[in-house]
>>> print(open('work-v1.txt').read())   # compact mmCIF, C-alpha atoms
# COMPACT_ATOMS: atom_id res chain seq x y z
CA MET A 1 -8.48 8.94 19.92
CA GLU A 2 -9.78 9.50 23.45
CA LYS A 3 -13.55 9.38 23.77
CA LEU A 4 -15.44 12.58 24.50
CA ASN A 5 -17.92 12.16 27.37
CA LYS A 6 -20.02 14.37 29.59
CA THR A 7 -18.83 13.58 33.08
CA ASN A 8 -20.93 16.01 35.10
CA GLU A 9 -24.04 13.80 35.03
CA PRO A 10 -24.87 10.88 37.33
CA PRO A 11 -24.83 7.36 35.81
CA THR A 12 -28.58 7.10 35.28
CA HIS A 13 -28.69 5.54 31.83
CA VAL A 14 -31.93 4.40 30.22
CA LEU A 15 -30.51 1.42 28.33
CA GLY A 16 -33.19 -1.26 28.45
CA LEU A 17 -35.75 1.20 29.85
CA ALA A 18 -39.18 -0.38 30.29
CA HIS A 19 -42.46 0.91 31.72
CA PRO A 20 -45.57 -0.87 32.95
CA PRO A 21 -47.73 -2.06 30.04
CA ILE A 22 -50.11 0.52 28.58
CA PRO A 23 -53.46 -1.13 27.72
CA VAL A 24 -54.36 1.50 25.10
CA VAL A 25 -51.65 3.89 23.92
CA ARG A 26 -53.19 7.36 23.65
CA ILE A 27 -51.39 9.37 20.98
CA GLY A 28 -51.05 13.04 20.12
CA PHE A 29 -49.66 14.10 16.74
CA ILE A 30 -47.71 17.31 16.16
CA GLY A 31 -47.50 18.19 12.46
CA LEU A 32 -49.91 17.04 9.77
CA GLY A 33 -47.99 17.74 6.60
CA ASN A 34 -47.17 14.98 4.14
CA ARG A 35 -45.25 12.84 6.64
CA GLY A 36 -47.67 13.50 9.47
CA LEU A 37 -50.79 12.52 7.53
CA LEU A 38 -49.17 9.32 6.25
CA THR A 39 -48.08 8.46 9.78
CA LEU A 40 -51.59 9.10 11.08
CA GLU A 41 -52.97 6.72 8.43
CA ARG A 42 -50.66 3.94 9.59
CA TYR A 43 -51.45 4.33 13.29
CA MET A 44 -55.16 4.11 12.50
CA LEU A 45 -54.50 0.50 11.42
CA ILE A 46 -52.76 -0.61 14.65
CA LYS A 47 -54.47 -2.22 17.62
CA HIS A 48 -54.30 -0.85 21.17
CA VAL A 49 -54.12 2.74 19.89
CA GLU A 50 -56.34 5.76 20.45
CA ILE A 51 -55.69 8.90 18.39
CA LYS A 52 -56.37 11.39 21.16
CA ALA A 53 -55.18 14.72 19.76
CA LEU A 54 -53.96 16.42 16.58
CA CYS A 55 -51.91 19.62 16.39
CA GLU A 56 -51.21 21.64 13.25
CA ILE A 57 -50.48 25.31 12.52
CA ARG A 58 -52.29 25.13 9.14
CA PRO A 59 -56.07 24.83 9.61
CA GLY A 60 -56.49 23.01 6.31
CA ASN A 61 -54.13 20.22 7.34
CA LEU A 62 -55.81 19.87 10.71
CA ALA A 63 -59.09 19.38 8.87
CA LYS A 64 -57.45 16.75 6.65
CA GLY A 65 -56.34 14.85 9.74
CA GLN A 66 -59.82 14.90 11.26
CA ALA A 67 -61.27 13.78 7.92
CA LEU A 68 -58.91 10.78 7.86
CA LEU A 69 -60.09 9.76 11.32
CA THR A 70 -63.74 10.04 10.31
CA LYS A 71 -63.17 8.09 7.10
CA GLY A 72 -61.42 5.34 9.06
CA GLY A 73 -64.24 5.04 11.58
CA HIS A 74 -62.32 6.71 14.42
CA PRO A 75 -63.77 9.38 16.71
CA ALA A 76 -62.67 12.97 16.17
CA ALA A 77 -59.52 13.95 18.05
CA ILE A 78 -58.98 17.05 20.16
CA GLY A 79 -57.63 19.71 17.81
CA TYR A 80 -54.82 22.08 18.77
CA ALA A 81 -53.82 25.01 16.55
CA GLY A 82 -51.60 28.07 16.62
CA GLU A 83 -47.90 28.49 17.30
CA ASN A 84 -48.20 27.25 20.89
CA GLY A 85 -50.81 24.58 20.31
CA TRP A 86 -48.22 21.81 20.53
CA GLN A 87 -47.26 22.86 24.06
CA GLN A 88 -50.90 22.79 25.13
CA MET A 89 -51.23 19.31 23.69
CA CYS A 90 -48.13 18.06 25.51
CA CYS A 91 -49.73 19.17 28.79
CA ASN A 92 -52.83 17.08 28.18
CA PRO A 93 -52.81 14.39 30.95
CA ASP A 94 -54.77 11.96 28.75
CA ILE A 95 -51.91 11.43 26.28
CA ASP A 96 -49.21 8.76 26.64
CA LEU A 97 -47.19 9.25 23.44
CA ILE A 98 -46.35 12.35 21.41
CA ILE A 99 -45.43 11.82 17.74
CA ILE A 100 -43.52 14.73 16.19
CA CYS A 101 -43.71 15.14 12.40
CA THR A 102 -42.58 18.75 12.02
CA ASP A 103 -39.50 20.29 10.36
CA TRP A 104 -36.23 19.06 11.79
CA LEU A 105 -35.22 22.32 13.51
CA THR A 106 -38.17 21.89 15.90
CA HIS A 107 -37.67 18.20 16.71
CA ALA A 108 -35.41 18.41 19.77
CA PRO A 109 -37.18 21.33 21.51
CA MET A 110 -40.57 19.66 21.07
CA GLY A 111 -39.28 16.25 22.14
CA THR A 112 -37.63 17.68 25.22
CA TYR A 113 -40.73 19.60 26.26
CA ALA A 114 -42.97 16.57 25.75
CA MET A 115 -40.78 14.35 27.93
CA GLU A 116 -40.76 17.03 30.61
CA GLN A 117 -44.56 16.80 30.63
CA GLY A 118 -44.30 13.06 31.30
CA LYS A 119 -44.90 11.88 27.73
CA HIS A 120 -43.09 9.23 25.73
CA VAL A 121 -41.79 10.71 22.47
CA ALA A 122 -41.37 9.51 18.89
CA ILE A 123 -39.57 12.01 16.63
CA GLU A 124 -39.11 12.08 12.86
CA VAL A 125 -35.55 12.11 11.50
CA PRO A 126 -33.17 13.55 12.44
CA ALA A 127 -34.07 13.74 16.11
CA ALA A 128 -31.73 16.71 16.64
CA MET A 129 -29.54 19.00 14.55
CA THR A 130 -26.72 19.77 16.99
CA VAL A 131 -24.65 17.86 19.54
CA ALA A 132 -26.08 20.11 22.27
CA GLU A 133 -29.61 19.13 21.24
CA CYS A 134 -28.60 15.45 21.25
CA TRP A 135 -27.36 15.80 24.83
CA GLN A 136 -30.55 17.66 25.69
CA LEU A 137 -32.66 14.71 24.53
CA VAL A 138 -30.43 12.21 26.35
CA ASP A 139 -30.33 14.20 29.59
CA THR A 140 -34.09 14.74 29.53
CA ALA A 141 -34.84 11.07 28.81
CA GLU A 142 -32.58 10.02 31.69
CA ARG A 143 -34.04 12.58 34.08
CA THR A 144 -37.70 11.92 33.23
CA ARG A 145 -37.29 8.17 32.53
CA ARG A 146 -39.36 8.56 29.35
CA HIS A 147 -38.89 6.75 26.06
CA CYS A 148 -37.49 8.76 23.13
CA ILE A 149 -37.29 7.00 19.77
CA MET A 150 -36.45 8.36 16.33
CA LEU A 151 -38.91 7.45 13.57
CA GLU A 152 -38.45 6.98 9.81
CA ASN A 153 -35.14 5.29 10.62
CA CYS A 154 -35.16 2.65 7.81
CA CYS A 155 -34.14 -0.07 10.28
CA TYR A 156 -37.27 -2.09 9.45
CA ASP A 157 -36.56 -2.28 5.72
CA ALA A 158 -36.92 -5.94 4.65
CA PHE A 159 -33.33 -6.21 3.34
CA ALA A 160 -31.93 -4.45 6.42
CA LEU A 161 -33.82 -6.79 8.75
CA THR A 162 -32.72 -9.88 6.81
CA THR A 163 -29.06 -8.89 6.91
CA LEU A 164 -29.39 -8.03 10.61
CA ASN A 165 -30.80 -11.51 11.18
CA MET A 166 -27.89 -13.03 9.23
CA ALA A 167 -25.32 -10.92 11.07
CA ARG A 168 -26.66 -12.06 14.44
CA GLN A 169 -26.25 -15.65 13.30
CA GLY A 170 -22.62 -14.99 12.36
CA LEU A 171 -23.11 -15.67 8.65
CA PHE A 172 -20.94 -12.73 7.55
CA GLY A 173 -18.10 -13.70 9.91
CA GLU A 174 -16.59 -10.72 11.67
CA ILE A 175 -18.09 -7.61 10.12
CA MET A 176 -15.31 -5.09 9.50
CA HIS A 177 -16.84 -2.40 7.31
CA VAL A 178 -20.35 -1.15 6.51
CA GLU A 179 -21.75 1.57 4.27
CA GLY A 180 -24.91 3.65 4.33
CA ALA A 181 -26.16 6.54 2.24
CA TYR A 182 -28.95 8.91 1.43
CA ILE A 183 -28.88 9.43 -2.33
CA HIS A 184 -32.19 10.97 -3.42
CA ASP A 185 -32.86 13.57 -6.10
CA LEU A 186 -34.84 16.22 -4.20
CA ARG A 187 -34.14 19.23 -6.42
CA SER A 188 -37.74 19.79 -7.49
CA MET A 189 -38.94 19.56 -3.87
CA TYR A 190 -36.42 22.16 -2.71
CA PHE A 191 -37.87 24.74 -5.12
CA SER A 192 -41.56 23.73 -5.16
CA ASP A 193 -44.24 25.40 -3.08
CA GLU A 194 -45.88 23.36 -0.36
CA ASN A 195 -49.06 22.77 -2.40
CA GLN A 196 -46.86 21.32 -5.14
CA GLY A 197 -45.10 18.82 -2.91
CA GLY A 198 -42.39 21.11 -1.54
CA PHE A 199 -41.37 21.76 2.05
CA HIS A 200 -43.32 24.14 4.31
CA ASN A 201 -41.79 27.63 3.98
CA HIS A 202 -38.90 26.01 2.06
CA TRP A 203 -37.23 25.13 5.38
CA ASN A 204 -35.09 22.45 3.76
CA LYS A 205 -33.73 24.79 1.09
CA ALA A 206 -32.98 27.38 3.77
CA TYR A 207 -30.81 24.83 5.57
CA CYS A 208 -28.83 24.26 2.35
CA MET A 209 -28.04 27.98 2.26
CA GLU A 210 -26.52 28.00 5.74
CA HIS A 211 -24.85 24.63 6.36
CA THR A 212 -22.59 22.00 4.85
CA GLY A 213 -21.63 18.46 5.83
CA ASN A 214 -24.24 15.69 5.97
CA PRO A 215 -27.56 17.07 7.25
CA TYR A 216 -29.46 13.78 6.90
CA PRO A 217 -27.26 10.89 8.07
CA THR A 218 -29.82 8.72 9.80
CA HIS A 219 -31.42 6.79 6.91
CA GLY A 220 -28.15 5.16 5.93
CA LEU A 221 -26.50 5.10 9.34
CA GLY A 222 -29.22 3.56 11.51
CA PRO A 223 -29.45 0.09 9.94
CA VAL A 224 -25.67 -0.39 9.70
CA CYS A 225 -25.19 0.77 13.31
CA GLN A 226 -27.54 -2.04 14.30
CA ILE A 227 -25.44 -4.46 12.25
CA LEU A 228 -22.36 -3.34 14.24
CA ASN A 229 -24.18 -3.42 17.60
CA ILE A 230 -23.38 0.22 18.29
CA HIS A 231 -23.70 0.97 22.04
CA ARG A 232 -24.55 -2.70 22.48
CA GLY A 233 -21.00 -3.98 22.20
CA ASP A 234 -19.20 -1.21 20.31
CA SER A 235 -19.34 2.57 20.11
CA LEU A 236 -18.79 5.30 17.52
CA ASN A 237 -15.42 6.92 18.16
CA TYR A 238 -14.50 9.64 15.62
CA LEU A 239 -15.20 10.76 12.06
CA VAL A 240 -13.65 12.57 9.13
CA SER A 241 -15.87 14.24 6.54
CA MET A 242 -15.35 15.75 3.09
CA SER A 243 -17.71 17.60 0.76
CA THR A 244 -17.54 18.77 -2.83
CA HIS A 245 -18.30 22.39 -3.57
CA GLN A 246 -21.89 23.35 -4.39
CA ALA A 247 -23.08 23.29 -8.01
CA GLY A 248 -26.22 21.14 -8.28
CA MET A 249 -28.70 23.55 -6.68
CA THR A 250 -27.46 26.48 -8.77
CA GLU A 251 -27.44 24.48 -12.01
CA TYR A 252 -30.99 23.25 -11.41
CA ALA A 253 -32.19 26.77 -10.57
CA ARG A 254 -30.59 28.22 -13.71
CA HIS A 255 -32.18 25.55 -15.89
CA THR A 256 -35.61 25.83 -14.22
CA PHE A 257 -35.97 29.53 -13.43
CA GLY A 258 -33.35 31.26 -15.57
CA LYS A 259 -29.78 32.40 -15.03
CA GLU A 260 -30.80 35.77 -13.61
CA SER A 261 -33.51 34.43 -11.31
CA PRO A 262 -33.28 34.94 -7.52
CA GLU A 263 -33.13 31.15 -7.13
CA ALA A 264 -30.08 30.93 -9.38
CA GLN A 265 -28.38 33.95 -7.81
CA GLN A 266 -28.81 32.58 -4.29
CA ALA A 267 -25.69 31.18 -2.62
CA TYR A 268 -25.94 27.64 -1.24
CA LEU A 269 -23.33 26.40 1.22
CA LEU A 270 -24.20 22.69 1.29
CA GLY A 271 -21.80 20.72 -0.91
CA ASP A 272 -23.32 18.50 -3.58
CA MET A 273 -21.74 15.29 -2.31
CA ASN A 274 -20.61 14.50 1.23
CA THR A 275 -18.62 11.45 2.27
CA THR A 276 -18.12 10.80 5.97
CA LEU A 277 -15.94 8.02 7.39
CA ILE A 278 -16.58 6.84 10.96
CA HIS A 279 -14.24 4.74 13.10
CA THR A 280 -15.58 2.69 16.01
CA VAL A 281 -13.92 1.89 19.32
CA LYS A 282 -13.55 -1.76 18.26
CA GLY A 283 -11.78 -0.81 15.03
CA LYS A 284 -14.63 -1.10 12.51
CA THR A 285 -15.36 1.50 9.82
CA ILE A 286 -18.50 3.08 8.41
CA GLN A 287 -18.77 4.99 5.14
CA LEU A 288 -21.69 7.39 4.97
CA GLN A 289 -22.68 9.39 1.87
CA TYR A 290 -25.20 12.11 1.12
CA CYS A 291 -26.35 13.65 -2.17
CA THR A 292 -29.77 15.11 -3.03
CA VAL A 293 -28.99 17.48 -5.93
CA HIS A 294 -27.85 15.16 -8.74
CA PRO A 295 -30.00 13.04 -11.10
CA ARG A 296 -28.85 9.82 -9.43
CA PRO A 297 -30.98 6.73 -8.73
CA TYR A 298 -32.20 6.46 -5.15
CA SER A 299 -29.88 4.58 -2.82
CA ARG A 300 -29.27 3.95 0.87
CA SER A 301 -26.35 1.65 -0.01
CA HIS A 302 -26.67 -0.70 3.01
CA THR A 303 -23.41 -2.53 2.42
CA ILE A 304 -21.92 -5.12 4.79
CA CYS A 305 -18.37 -6.43 4.45
CA GLY A 306 -17.40 -9.34 6.70
CA THR A 307 -14.63 -11.90 6.82
CA ARG A 308 -16.94 -14.58 5.40
CA GLY A 309 -19.65 -12.68 3.60
CA PHE A 310 -20.87 -9.58 1.78
CA ALA A 311 -24.24 -7.93 1.26
CA GLN A 312 -25.43 -4.80 -0.53
CA LYS A 313 -28.97 -3.61 -1.27
CA TYR A 314 -28.35 -1.00 -3.98
CA PRO A 315 -28.30 -0.83 -6.95
CA VAL A 316 -29.15 -4.56 -7.07
CA ALA A 317 -29.66 -6.69 -3.98
CA THR A 318 -26.62 -8.95 -3.61
CA ILE A 319 -25.56 -11.39 -0.90
CA SER A 320 -22.43 -13.52 -1.13
CA LEU A 321 -21.42 -16.01 1.58
CA GLU A 322 -18.10 -17.81 1.49
CA ASP A 323 -18.30 -20.57 4.09
CA VAL A 324 -21.13 -20.91 6.55
CA ARG A 325 -22.55 -23.40 9.02
CA SER A 326 -25.77 -23.77 7.08
CA GLY A 327 -24.37 -26.15 4.50
CA GLU A 328 -25.55 -25.14 1.04
CA ALA A 329 -26.08 -21.47 1.91
CA ALA A 330 -22.73 -20.54 0.35
CA SER A 331 -23.97 -21.56 -3.10
CA ALA A 332 -27.51 -20.23 -2.68
CA THR A 333 -28.72 -17.31 -4.75
CA THR A 334 -29.43 -13.93 -3.20
CA GLU A 335 -33.16 -14.51 -3.58
CA GLU A 336 -32.90 -17.87 -1.80
CA LEU A 337 -30.90 -16.34 1.05
CA LEU A 338 -33.36 -13.46 1.42
CA GLN A 339 -36.16 -15.98 1.75
CA ARG A 340 -34.25 -18.36 4.04
CA TYR A 341 -33.17 -15.67 6.50
CA GLN A 342 -36.19 -13.39 6.25
CA HIS A 343 -36.65 -11.62 9.56
CA PRO A 344 -39.78 -12.60 11.52
CA PHE A 345 -40.86 -8.94 11.62
CA THR A 346 -41.06 -8.87 7.81
CA ALA A 347 -42.76 -12.25 7.57
CA THR A 348 -45.47 -11.38 10.09
CA ILE A 349 -45.91 -7.65 10.78
CA GLY A 350 -44.83 -6.60 7.31
CA LYS A 351 -47.26 -9.03 5.68
CA GLU A 352 -50.03 -7.73 7.94
CA GLY A 353 -49.26 -4.17 6.88
CA VAL A 354 -49.51 -5.10 3.20
CA LEU A 355 -52.83 -6.86 3.72
CA LYS A 356 -54.18 -3.80 5.55
CA GLY A 357 -53.02 -1.47 2.76
CA ALA A 358 -50.66 0.45 5.06
CA PRO A 359 -48.77 3.28 3.35
CA ASN A 360 -45.15 2.01 3.53
CA GLU A 361 -44.62 -1.52 4.88
CA MET A 362 -41.25 -0.64 6.46
CA ASN A 363 -42.71 2.19 8.52
CA TYR A 364 -45.75 0.12 9.45
CA ILE A 365 -43.44 -2.42 11.11
CA MET A 366 -41.71 0.44 12.94
CA ASP A 367 -45.02 1.85 14.20
CA TYR A 368 -46.35 -1.57 15.14
CA ARG A 369 -43.23 -2.40 17.13
CA LEU A 370 -43.36 0.88 19.03
CA ILE A 371 -46.96 0.26 20.10
CA TYR A 372 -46.29 -3.44 20.77
CA CYS A 373 -43.43 -2.62 23.14
CA LEU A 374 -45.40 0.09 24.97
CA HIS A 375 -48.47 -2.14 25.20
CA HIS A 376 -46.46 -5.07 26.61
CA GLY A 377 -44.10 -3.06 28.82
CA LEU A 378 -40.96 -3.97 26.86
CA PRO A 379 -37.83 -1.93 26.09
CA LEU A 380 -38.08 -0.29 22.66
CA ASP A 381 -36.08 -1.63 19.71
CA MET A 382 -34.28 1.72 19.55
CA ASP A 383 -33.64 4.25 22.29
CA VAL A 384 -32.61 7.84 22.89
CA TYR A 385 -28.93 6.92 22.51
CA ASP A 386 -29.57 5.65 18.98
CA ALA A 387 -31.38 8.90 18.22
CA ALA A 388 -28.48 10.96 19.55
CA GLU A 389 -25.65 8.90 18.00
CA TRP A 390 -27.18 8.88 14.55
CA SER A 391 -28.28 12.52 14.62
CA CYS A 392 -25.07 14.07 15.98
CA ILE A 393 -23.30 13.26 12.70
CA THR A 394 -25.07 16.29 11.20
CA GLU A 395 -23.10 18.88 13.18
CA LEU A 396 -19.91 16.83 13.54
CA SER A 397 -19.61 16.21 9.78
CA GLU A 398 -19.98 19.95 9.18
CA GLN A 399 -17.25 20.66 11.74
CA SER A 400 -14.91 18.26 9.96
CA VAL A 401 -15.67 19.66 6.49
CA LEU A 402 -15.07 23.25 7.65
CA ASN A 403 -11.75 22.26 9.25
CA GLY A 404 -10.11 20.54 6.32
CA SER A 405 -11.59 17.10 7.02
CA ARG A 406 -9.88 16.83 10.38
CA PRO A 407 -10.98 14.03 12.72
CA VAL A 408 -13.80 14.97 15.08
CA GLU A 409 -14.66 12.99 18.20
CA ILE A 410 -18.13 11.49 18.53
CA PRO A 411 -19.54 11.69 22.07
CA ASP A 412 -20.39 8.54 23.97
CA PHE A 413 -23.95 9.46 24.89
CA THR A 414 -24.22 6.42 27.18
CA ARG A 415 -21.28 7.75 29.26
CA GLY A 416 -19.60 4.35 29.12
CA ALA A 417 -22.69 2.30 30.03
CA TRP A 418 -22.54 0.48 26.67
CA GLU A 419 -19.44 -1.39 27.87
CA THR A 420 -21.24 -3.14 30.72
CA PHE A 421 -24.88 -3.26 29.64
CA PRO A 422 -25.83 -6.49 27.81
CA CYS A 423 -27.39 -6.36 24.37
CA VAL A 424 -31.18 -6.34 24.59
CA ALA A 425 -32.59 -8.94 22.19
CA LYS A 426 -35.65 -8.07 20.14
CA ASN A 427 -38.84 -9.83 21.24
>>> encode(input="work-v1.txt", output="structure tokens")
Amino acid sequence: MEKLNKTNEPPTHVLGLAHPPIPVVRIGFIGLGNRGLLTLERYMLIKHVEIKALCEIRPGNLAKGQALLTKGGHPAAIGYAGENGWQQMCCNPDIDLIIICTDWLTHAPMGTYAMEQGKHVAIEVPAAMTVAECWQLVDTAERTRRHCIMLENCCYDAFALTTLNMARQGLFGEIMHVEGAYIHDLRSMYFSDENQGGFHNHWNKAYCMEHTGNPYPTHGLGPVCQILNIHRGDSLNYLVSMSTHQAGMTEYARHTFGKESPEAQQAYLLGDMNTTLIHTVKGKTIQLQYCTVHPRPYSRSHTICGTRGFAQKYPVATISLEDVRSGEAASATTEELLQRYQHPFTATIGKEGVLKGAPNEMNYIMDYRLIYCLHHGLPLDMDVYDAAEWSCITELSEQSVLNGSRPVEIPDFTRGAWETFPCVAKN
């Protein structure tokens, strides 16, 4: 299938983008809900950081953020409130990095605006909800030469990093097929009020009423795209996607609120289970699954199938190697292999995060690496093309589902630059 590219833009890619080192990275946070407050806690533990500003539409959450800073021995941040407070914050010349922890429909507009004000941007997942928004982020990053990274990407999970380390050493042979998923029972959160752990204004449930496909592909897709060196030696080409009909949301609502309740009478478009298959330019395949409305155990799958080895994290971590250069590795247990090939990030940064009591070791490594790269003037581990490639699956999977699972092309957001740009090794 011929690749779909935007050809009306000059070849100004930001692969390997680096900026002069920033001695102290001054940060502004947009959104202080559950994710935002946890993210703020982690950044308070990282060196070379100054929490410069906080923005939140709910006064109570803004106060919670300021209280966290005070408790941690940090000075109070500039507070921004109201519907347009985030724009005011982005215009503050004393901020280097904007971190966006709002609902996903606002991610791309906020990220675009922040880059246009000269700020580097870190956005929660997904970075964008449509292909047009993905292009908007890419075009803006290229025009402004600002960093744009997608957070909460699961790429710094200990098992994912170990298997990435093994893949780069060739221990799986030629990797032909990978699998990722987001299987997470979120039914109670969909219907709970915000003060009970639900989503602000039920924005997530509202999306389930209006869309189908896979609205949250990035958790499972990001780590396996790194395994396949996507846009660093290969590129996503096209997908086919299939969904079941919807039943889980309605069944849960009937059981919880009653058969005649408004929640049970509401129509939900999002199918219970989505399976998306992706084909790469180099002839590799990716299986991606999504289900949040069944009582299933949590899983991101993270499966790697190579000519000489296999790995899978869920439901039980398993690694099997057939014939490798490392002698006895083929007969080693999974636990021994995980220890032998543990990624340096896990062994050092991850351990530091645990000792500091960071909420979520995986995300602490992600935050640490972002600040480390900015502080030392290095390219980021992930870039705007990763954000776009992983996020665009949301709209494209819906297109395929609504058209009888027909193949849908995946844009090459690098406009062909991936074919000539060398892979940037992690430092």
>>> closest_residue(input="work-v1.txt", among="A:Glu322, A:Glu194, A:Glu398, A:Asp412", to="Asn274 (chain A)", atoms="only C-alpha atoms")
A:Glu398
>>> closest_residue(input="work-v1.txt", among="A:Phe421, A:Glu83, A:Ala387, A:Ile183", to="Val121 (chain A)", atoms="all atoms listed in the file")
A:Ala387
>>> closest_residue(input="work-v1.txt", among="A:Thr414, A:Thr144, A:Thr102, A:Asn84", to="Val125 (chain A)", atoms="all atoms listed in the file")
A:Thr102
>>> atom_distance(input="work-v1.txt", atom1="CA of Thr106 (chain A)", atom2="CA of Met242 (chain A)")
26.9 Å
>>> closest_residue(input="work-v1.txt", among="A:Pro295, A:Ile230, A:Met209, A:Gly306", to="Gln265 (chain A)", atoms="all atoms listed in the file")
A:Met209
>>> closest_residue(input="work-v1.txt", among="A:Tyr207, A:Phe29, A:Tyr80, A:Tyr372", to="Leu105 (chain A)", atoms="only C-alpha atoms")
A:Tyr207
>>> atom_distance(input="work-v1.txt", atom1="CA of Trp104 (chain A)", atom2="CA of Asn153 (chain A)")
13.9 Å
>>> atom_distance(input="work-v1.txt", atom1="CA of Leu37 (chain A)", atom2="CA of Cys101 (chain A)")
9.0 Å
>>> residues_around(input="work-v1.txt", residues="Pro407 (chain A)", least_positions_apart="2", cutoff="12 Å", atoms="only C-alpha atoms", output="count of residues only")
24
>>> decode(input="work-v1.txt", residues="region 391-397 of chain A", atoms="all heavy atoms", output="short mmCIF file (atom, residue, chain, number, x, y, z; two decimals), in the first residue's frame")
data_model
loop_
_atom_site.label_atom_id
_atom_site.label_comp_id
_atom_site.auth_asym_id
_atom_site.auth_seq_id
_atom_site.Cartn_x
_atom_site.Cartn_y
_atom_site.Cartn_z
N SER A 391 -0.57 8.21 18.51
CA SER A 391 -1.89 8.79 18.77
C SER A 391 -2.84 8.69 17.58
O SER A 391 -4.06 8.60 17.76
CB SER A 391 -1.75 10.26 19.17
OG SER A 391 -1.00 10.41 20.36
N CYS A 392 -2.32 8.71 16.36
CA CYS A 392 -3.20 8.74 15.18
C CYS A 392 -4.02 7.47 15.04
O CYS A 392 -5.04 7.45 14.33
CB CYS A 392 -2.39 8.98 13.91
SG CYS A 392 -1.48 7.55 13.27
N ILE A 393 -3.61 6.40 15.73
CA ILE A 393 -4.35 5.13 15.65
C ILE A 393 -5.78 5.32 16.16
O ILE A 393 -6.70 4.60 15.75
CB ILE A 393 -3.62 4.05 16.47
CG1 ILE A 393 -2.17 3.88 15.98
CG2 ILE A 393 -4.36 2.72 16.38
CD1 ILE A 393 -2.03 3.60 14.51
N THR A 394 -6.00 6.28 17.04
CA THR A 394 -7.34 6.52 17.57
C THR A 394 -8.34 6.78 16.44
O THR A 394 -9.34 6.06 16.30
CB THR A 394 -7.32 7.72 18.54
OG1 THR A 394 -6.53 7.39 19.68
CG2 THR A 394 -8.73 8.08 18.98
N GLU A 395 -8.10 7.77 15.61
CA GLU A 395 -9.03 8.08 14.53
C GLU A 395 -8.98 7.03 13.43
O GLU A 395 -10.03 6.64 12.89
CB GLU A 395 -8.73 9.45 13.93
CG GLU A 395 -9.71 9.81 12.82
CD GLU A 395 -9.42 11.14 12.15
OE1 GLU A 395 -8.36 11.74 12.43
OE2 GLU A 395 -10.26 11.57 11.34
N LEU A 396 -7.80 6.54 13.08
CA LEU A 396 -7.68 5.61 11.96
C LEU A 396 -8.35 4.27 12.28
O LEU A 396 -8.96 3.65 11.40
CB LEU A 396 -6.21 5.40 11.61
CG LEU A 396 -5.47 6.66 11.15
CD1 LEU A 396 -4.03 6.32 10.78
CD2 LEU A 396 -6.18 7.33 9.98
N SER A 397 -8.26 3.81 13.53
CA SER A 397 -8.94 2.57 13.89
C SER A 397 -10.46 2.75 13.80
O SER A 397 -11.17 1.83 13.35
CB SER A 397 -8.54 2.13 15.31
OG SER A 397 -8.96 3.06 16.29
#
